[in-house]
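Asker: The structure file upload11.txt (compact mmCIF, C-alpha atoms) is provided below.
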# COMPACT_ATOMS: atom_id res chain seq x y z
CA MET A 1 48.91 -3.22 -54.47
CA SER A 2 45.34 -1.88 -54.29
CA ASN A 3 44.03 -4.54 -56.67
CA LEU A 4 45.44 -7.35 -54.58
CA SER A 5 43.35 -9.16 -52.00
CA PHE A 6 44.38 -9.23 -48.35
CA HIS A 7 45.40 -12.88 -48.71
CA GLU A 8 47.52 -12.14 -51.78
CA LYS A 9 49.29 -9.28 -50.01
CA SER A 10 49.81 -11.60 -47.05
CA ALA A 11 51.39 -14.25 -49.30
CA ILE A 12 53.72 -11.70 -50.97
CA GLY A 13 54.97 -10.30 -47.64
CA THR A 14 55.33 -13.74 -46.09
CA LEU A 15 57.31 -14.99 -49.11
CA ILE A 16 59.70 -12.01 -49.03
CA ALA A 17 60.20 -12.26 -45.25
CA ILE A 18 60.79 -16.02 -45.30
CA TRP A 19 63.10 -15.74 -48.32
CA VAL A 20 65.27 -12.97 -46.81
CA ILE A 21 65.43 -14.42 -43.29
CA GLY A 22 65.89 -17.97 -44.64
CA ILE A 23 68.81 -16.92 -46.84
CA LEU A 24 70.27 -15.01 -43.87
CA TYR A 25 69.94 -18.13 -41.71
CA PHE A 26 71.49 -20.57 -44.19
CA HIS A 27 74.28 -18.12 -45.07
CA SER A 28 75.11 -17.69 -41.36
CA ALA A 29 74.92 -21.45 -40.74
CA TRP A 30 77.20 -22.06 -43.73
CA GLU A 31 79.73 -19.52 -42.41
CA LEU A 32 79.67 -21.17 -38.97
CA TRP A 33 80.12 -24.59 -40.56
CA GLN A 34 83.06 -23.38 -42.67
CA ALA A 35 84.66 -21.96 -39.50
CA GLY A 36 84.05 -25.26 -37.69
CA GLN A 37 81.76 -23.52 -35.18
CA LEU A 38 78.41 -24.99 -36.15
CA GLN A 39 77.59 -26.56 -32.80
CA PRO A 40 74.09 -27.42 -31.48
CA ALA A 41 74.04 -24.45 -29.08
CA SER A 42 75.16 -21.86 -31.64
CA ASN A 43 72.85 -23.34 -34.27
CA PHE A 44 69.92 -23.29 -31.87
CA GLY A 45 70.64 -19.67 -30.94
CA LEU A 46 70.82 -18.67 -34.60
CA ALA A 47 67.59 -20.50 -35.49
CA ALA A 48 65.68 -19.22 -32.45
CA GLY A 49 66.83 -15.63 -32.95
CA LEU A 50 65.88 -15.54 -36.62
CA THR A 51 62.55 -17.30 -35.94
CA VAL A 52 61.65 -14.59 -33.41
CA LEU A 53 62.71 -11.94 -35.96
CA LEU A 54 60.53 -13.62 -38.63
CA VAL A 55 57.50 -13.68 -36.31
CA ILE A 56 57.96 -9.99 -35.41
CA VAL A 57 58.35 -9.00 -39.09
CA LEU A 58 55.25 -10.99 -40.10
CA ILE A 59 53.12 -9.56 -37.28
CA ALA A 60 54.21 -6.00 -38.16
CA TYR A 61 53.55 -6.57 -41.86
CA HIS A 62 50.09 -8.04 -41.28
CA ILE A 63 49.15 -5.15 -38.97
CA LEU A 64 50.31 -2.75 -41.72
CA ILE A 65 48.24 -4.37 -44.48
CA ALA A 66 45.25 -4.70 -42.14
CA VAL A 67 45.21 -0.98 -41.36
CA THR A 68 45.80 0.11 -44.97
CA ALA A 69 43.09 -2.17 -46.40
CA LYS A 70 40.12 -3.83 -44.76
CA PRO A 71 40.94 -7.51 -44.06
CA GLU A 72 38.59 -9.75 -46.02
CA GLU A 73 37.13 -13.04 -44.98
CA GLU A 74 38.58 -16.00 -46.78
CA ASP A 75 36.30 -17.01 -49.65
CA GLU A 76 36.12 -20.21 -51.72
CA ARG A 77 38.82 -19.07 -54.18
CA ASP A 78 41.24 -18.38 -51.31
CA ARG A 79 40.49 -21.82 -49.87
CA VAL A 80 40.98 -23.62 -53.20
CA ILE A 81 44.27 -21.78 -53.81
CA ALA A 82 45.50 -22.53 -50.27
CA TRP A 83 44.56 -26.20 -50.69
CA ARG A 84 46.25 -26.61 -54.09
CA ALA A 85 49.41 -24.71 -53.10
CA GLY A 86 49.47 -26.59 -49.77
CA ARG A 87 49.30 -29.91 -51.60
CA ILE A 88 52.37 -28.97 -53.65
CA GLY A 89 54.23 -27.73 -50.56
CA GLY A 90 53.24 -30.88 -48.65
CA PHE A 91 54.48 -33.10 -51.46
CA ILE A 92 57.87 -31.30 -51.55
CA LEU A 93 58.11 -31.53 -47.75
CA ALA A 94 57.31 -35.26 -47.71
CA PHE A 95 59.68 -35.95 -50.61
CA GLY A 96 62.49 -34.00 -48.91
CA VAL A 97 62.02 -35.62 -45.50
CA ILE A 98 61.97 -39.11 -47.02
CA GLY A 99 65.12 -38.20 -49.00
CA ILE A 100 66.90 -37.13 -45.81
CA VAL A 101 65.78 -40.30 -43.95
CA VAL A 102 67.13 -42.43 -46.81
CA GLN A 103 70.35 -40.40 -46.82
CA ILE A 104 70.75 -40.90 -43.05
CA LEU A 105 70.13 -44.64 -43.26
CA LEU A 106 72.34 -45.19 -46.30
CA GLY A 107 74.93 -42.71 -45.03
CA GLY A 108 75.12 -44.62 -41.75
CA MET A 109 76.40 -47.60 -43.71
CA PHE A 110 79.04 -45.59 -45.59
CA ASP A 111 80.27 -43.05 -42.98
CA ASP A 112 78.42 -40.08 -44.55
CA PRO A 113 78.96 -37.02 -42.26
CA LEU A 114 75.23 -36.18 -42.44
CA ALA A 115 74.29 -39.46 -40.75
CA GLY A 116 76.47 -38.79 -37.71
CA SER A 117 75.77 -35.10 -37.20
CA PRO A 118 72.56 -33.95 -35.52
CA VAL A 119 73.35 -30.35 -36.56
CA LEU A 120 73.65 -31.29 -40.24
CA ILE A 121 70.47 -33.36 -40.06
CA ALA A 122 68.64 -30.45 -38.41
CA ASN A 123 69.84 -28.04 -41.11
CA ALA A 124 68.94 -30.46 -43.90
CA LEU A 125 65.40 -30.67 -42.44
CA MET A 126 65.27 -26.86 -42.09
CA ALA A 127 66.29 -26.54 -45.75
CA VAL A 128 63.48 -28.87 -46.79
CA VAL A 129 60.93 -26.90 -44.73
CA PHE A 130 62.30 -23.65 -46.23
CA ILE A 131 62.09 -24.91 -49.82
CA ALA A 132 58.60 -26.39 -49.31
CA THR A 133 57.30 -23.17 -47.74
CA VAL A 134 58.81 -20.93 -50.43
CA LEU A 135 57.41 -23.13 -53.21
CA GLU A 136 53.98 -23.20 -51.55
CA LEU A 137 53.93 -19.39 -51.38
CA VAL A 138 55.21 -19.04 -54.98
CA MET A 139 52.47 -21.42 -56.17
CA THR A 140 49.91 -19.44 -54.13
CA LEU A 141 50.91 -16.24 -55.95
CA ILE A 142 50.94 -17.99 -59.36
CA PHE A 143 47.42 -19.34 -58.73
CA TYR A 144 46.19 -15.88 -57.69
CA ARG A 145 47.69 -14.21 -60.79
CA ARG A 146 47.37 -16.89 -63.49
CA GLY A 147 44.21 -18.51 -62.21
CA ILE A 148 43.23 -22.02 -61.19
CA MET B 1 34.16 -32.22 -71.29
CA GLY B 2 37.76 -32.29 -72.55
CA GLY B 3 38.76 -29.09 -74.35
CA SER B 4 35.83 -27.06 -72.98
CA LYS B 5 36.17 -24.03 -70.77
CA LEU B 6 33.67 -22.30 -68.52
CA ASP B 7 32.75 -18.96 -70.04
CA ASN B 8 30.46 -16.28 -68.59
CA ARG B 9 28.86 -12.90 -69.19
CA VAL B 10 29.09 -11.56 -65.66
CA ARG B 11 30.72 -8.31 -66.79
CA ALA B 12 28.05 -7.70 -69.45
CA LEU B 13 25.27 -8.38 -66.95
CA ARG B 14 26.81 -5.96 -64.45
CA GLY B 15 26.91 -3.33 -67.16
CA ALA B 16 23.26 -3.98 -67.95
CA ARG B 17 22.34 -3.49 -64.27
CA ASP B 18 23.18 0.24 -64.13
CA GLN B 19 26.91 -0.48 -64.02
CA MET B 20 26.61 -2.60 -60.87
CA THR B 21 30.05 -2.50 -59.25
CA GLN B 22 32.21 -5.57 -58.75
CA GLN B 23 32.13 -4.84 -55.02
CA ALA B 24 28.30 -4.73 -54.97
CA LEU B 25 28.14 -8.10 -56.74
CA ALA B 26 30.84 -9.52 -54.46
CA ASP B 27 28.85 -8.42 -51.40
CA ALA B 28 25.64 -9.91 -52.80
CA VAL B 29 27.34 -13.23 -53.48
CA GLY B 30 29.58 -13.36 -50.41
CA VAL B 31 33.00 -13.46 -52.07
CA SER B 32 35.82 -10.93 -52.44
CA ARG B 33 35.95 -8.35 -55.25
CA GLN B 34 39.13 -10.06 -56.48
CA THR B 35 37.17 -13.31 -56.91
CA ILE B 36 34.57 -11.52 -59.07
CA ILE B 37 37.44 -10.03 -61.14
CA ALA B 38 39.00 -13.52 -61.53
CA ILE B 39 35.62 -14.98 -62.61
CA GLU B 40 35.06 -12.20 -65.17
CA GLN B 41 38.54 -12.70 -66.59
CA GLY B 42 38.09 -16.49 -66.77
CA ARG B 43 40.88 -17.11 -64.25
CA TYR B 44 38.58 -18.87 -61.79
CA SER B 45 35.64 -21.22 -62.29
CA PRO B 46 33.29 -20.71 -59.34
CA SER B 47 31.61 -23.46 -57.37
CA LEU B 48 28.01 -24.34 -58.22
CA GLU B 49 26.90 -22.44 -55.11
CA VAL B 50 28.64 -19.19 -56.13
CA ALA B 51 27.52 -19.59 -59.78
CA LEU B 52 23.91 -19.95 -58.61
CA LYS B 53 24.22 -16.92 -56.30
CA ILE B 54 25.64 -14.80 -59.15
CA ALA B 55 22.80 -15.89 -61.46
CA GLN B 56 20.32 -15.13 -58.67
CA ALA B 57 21.83 -11.65 -58.18
CA PHE B 58 21.10 -10.93 -61.86
CA GLY B 59 17.72 -12.68 -61.84
CA GLU B 60 18.86 -14.96 -64.65
CA PRO B 61 18.96 -18.75 -65.00
CA VAL B 62 22.48 -20.01 -64.32
CA ASP B 63 22.94 -21.35 -67.86
CA ARG B 64 22.43 -17.84 -69.24
CA VAL B 65 25.30 -16.59 -67.09
CA PHE B 66 27.72 -19.51 -67.32
CA TRP B 67 28.21 -21.98 -70.17
CA PHE B 68 30.86 -24.25 -71.64
CA SER B 69 32.70 -23.07 -74.73
CA GLN B 70 35.31 -24.93 -76.77
CA SER B 71 38.79 -23.68 -75.80
Written as structure tokens, that's how I'd like the structure from this file.

Answerer:
Amino acid sequence: MSNLSFHEKSAIGTLIAIWVIGILYFHSAWELWQAGQLQPASNFGLAAGLTVLLVIVLIAYHILIAVTAKPEEEDERDRVIAWRAGRIGGFILAFGVIGIVVQILLGGMFDDPLAGSPVLIANALMAVVFIATVLELVMTLIFYRRGI
Amino acid sequence: MGGSKLDNRVRALRGARDQMTQQALADAVGVSRQTIIAIEQGRYSPSLEVALKIAQAFGEPVDRVFWFSQS
């Protein structure tokens, strides 16, 4: 890890934390849905609890990498990588949100359960945010390793 | 410029300057050591500003540090 920049270490830790907590969230939501207990209150509690856990994990991780290696100022390469990876993540996010909007509108005409369920819509949007964020972080790491 | 790639002799110039460290060059230019490593390995093409600062750090014209080569 000593040859990695602060920003690269940050991206690795953030990716692992988001991946693990995201999978935990969607697995728990799926279990609740299968049991017929995925209600707005329980879903909100699950999402809020895991979001707080994610924030705590990320703060602890960034403190750890800051004390083990001097934090560096962002330079032009970090900014270019963040911009390019962010563009890809933003494209996935926009594509996913538009897909869900189309699904809701079309589903409303054909009694699709997604269209009539705020909890399912919320989880579909969360999945899109999760996928976009994971892909953005994966692209960030690819750009750092493979070059841009 | 299709098919051309930005090449450089940053590593050779560091060696010629009493083994100037990557960190010393990074500090002189105002980028991270990892960015100097990426430039030396051809994984990152620096901006004109950074290319000029690197050339200035070696006291060389920029076209003697960076040039296009056919990939």

Asker: Set the cut-off to 9 Å and count only C-alpha atoms: what are the residues of chain B that reach chain A? Output as a ChimeraX atom specification.

Answerer: /B:30-35,38,42-47,50

Asker: Could you save the residues just selected, with C-alpha atoms, as a CSV table (one decimal), in the frame of the given file?

Answerer:
chain,number,residue,atom,x,y,z
B,30,GLY,CA,29.6,-13.4,-50.4
B,31,VAL,CA,33.0,-13.5,-52.1
B,32,SER,CA,35.8,-10.9,-52.4
B,33,ARG,CA,36.0,-8.4,-55.2
B,34,GLN,CA,39.1,-10.1,-56.5
B,35,THR,CA,37.2,-13.3,-56.9
B,38,ALA,CA,39.0,-13.5,-61.5
B,42,GLY,CA,38.1,-16.5,-66.8
B,43,ARG,CA,40.9,-17.1,-64.2
B,44,TYR,CA,38.6,-18.9,-61.8
B,45,SER,CA,35.6,-21.2,-62.3
B,46,PRO,CA,33.3,-20.7,-59.3
B,47,SER,CA,31.6,-23.5,-57.4
B,50,VAL,CA,28.6,-19.2,-56.1

Asker: Please list as number ranges by chain every residue within 12 Å of Gly90 of chain A, counting only C-alpha atoms and excluding residues in the same chain fewer than 6 positions away.

Answerer: A: 82-84, 96-97, 128-137

Asker: Neighbours of Ser42 of chain A within 12 Å (all atoms listed in the file; same-chain residues fewer than 2 positions away dropped), as a count of residues only?

Answerer: 18

Asker: Excluding Asp7 of chain B and residues on its chain fewer than 4 positions from it, collect all residues at most 10 Å away from it, counting all atoms listed in the file, and give them as a list in words.

Answerer: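 Here the qualifying residues turn out to be Ile39, Glu40, Gln41, Gly42, Ser45, Val65, Phe66, Trp67, Phe68, Ser69, Gln70 and Ser71 of chain B.
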
Asker: Using only C-alpha atoms, which of A:Ala35, A:Ala41, A:Ala94, A:Leu50 sits nearest Ile21 of chain A?

Answerer: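 Looking at the shortest contact to Ile21 of chain A, the residue is A:Leu50.
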
Asker: By how many Å are atom CA of Leu58 of chain A and atom CA of Ala17 of chain A apart?

Answerer: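 Separating atom CA of Leu58 of chain A from atom CA of Ala17 of chain A is a distance of 7.3 Å.
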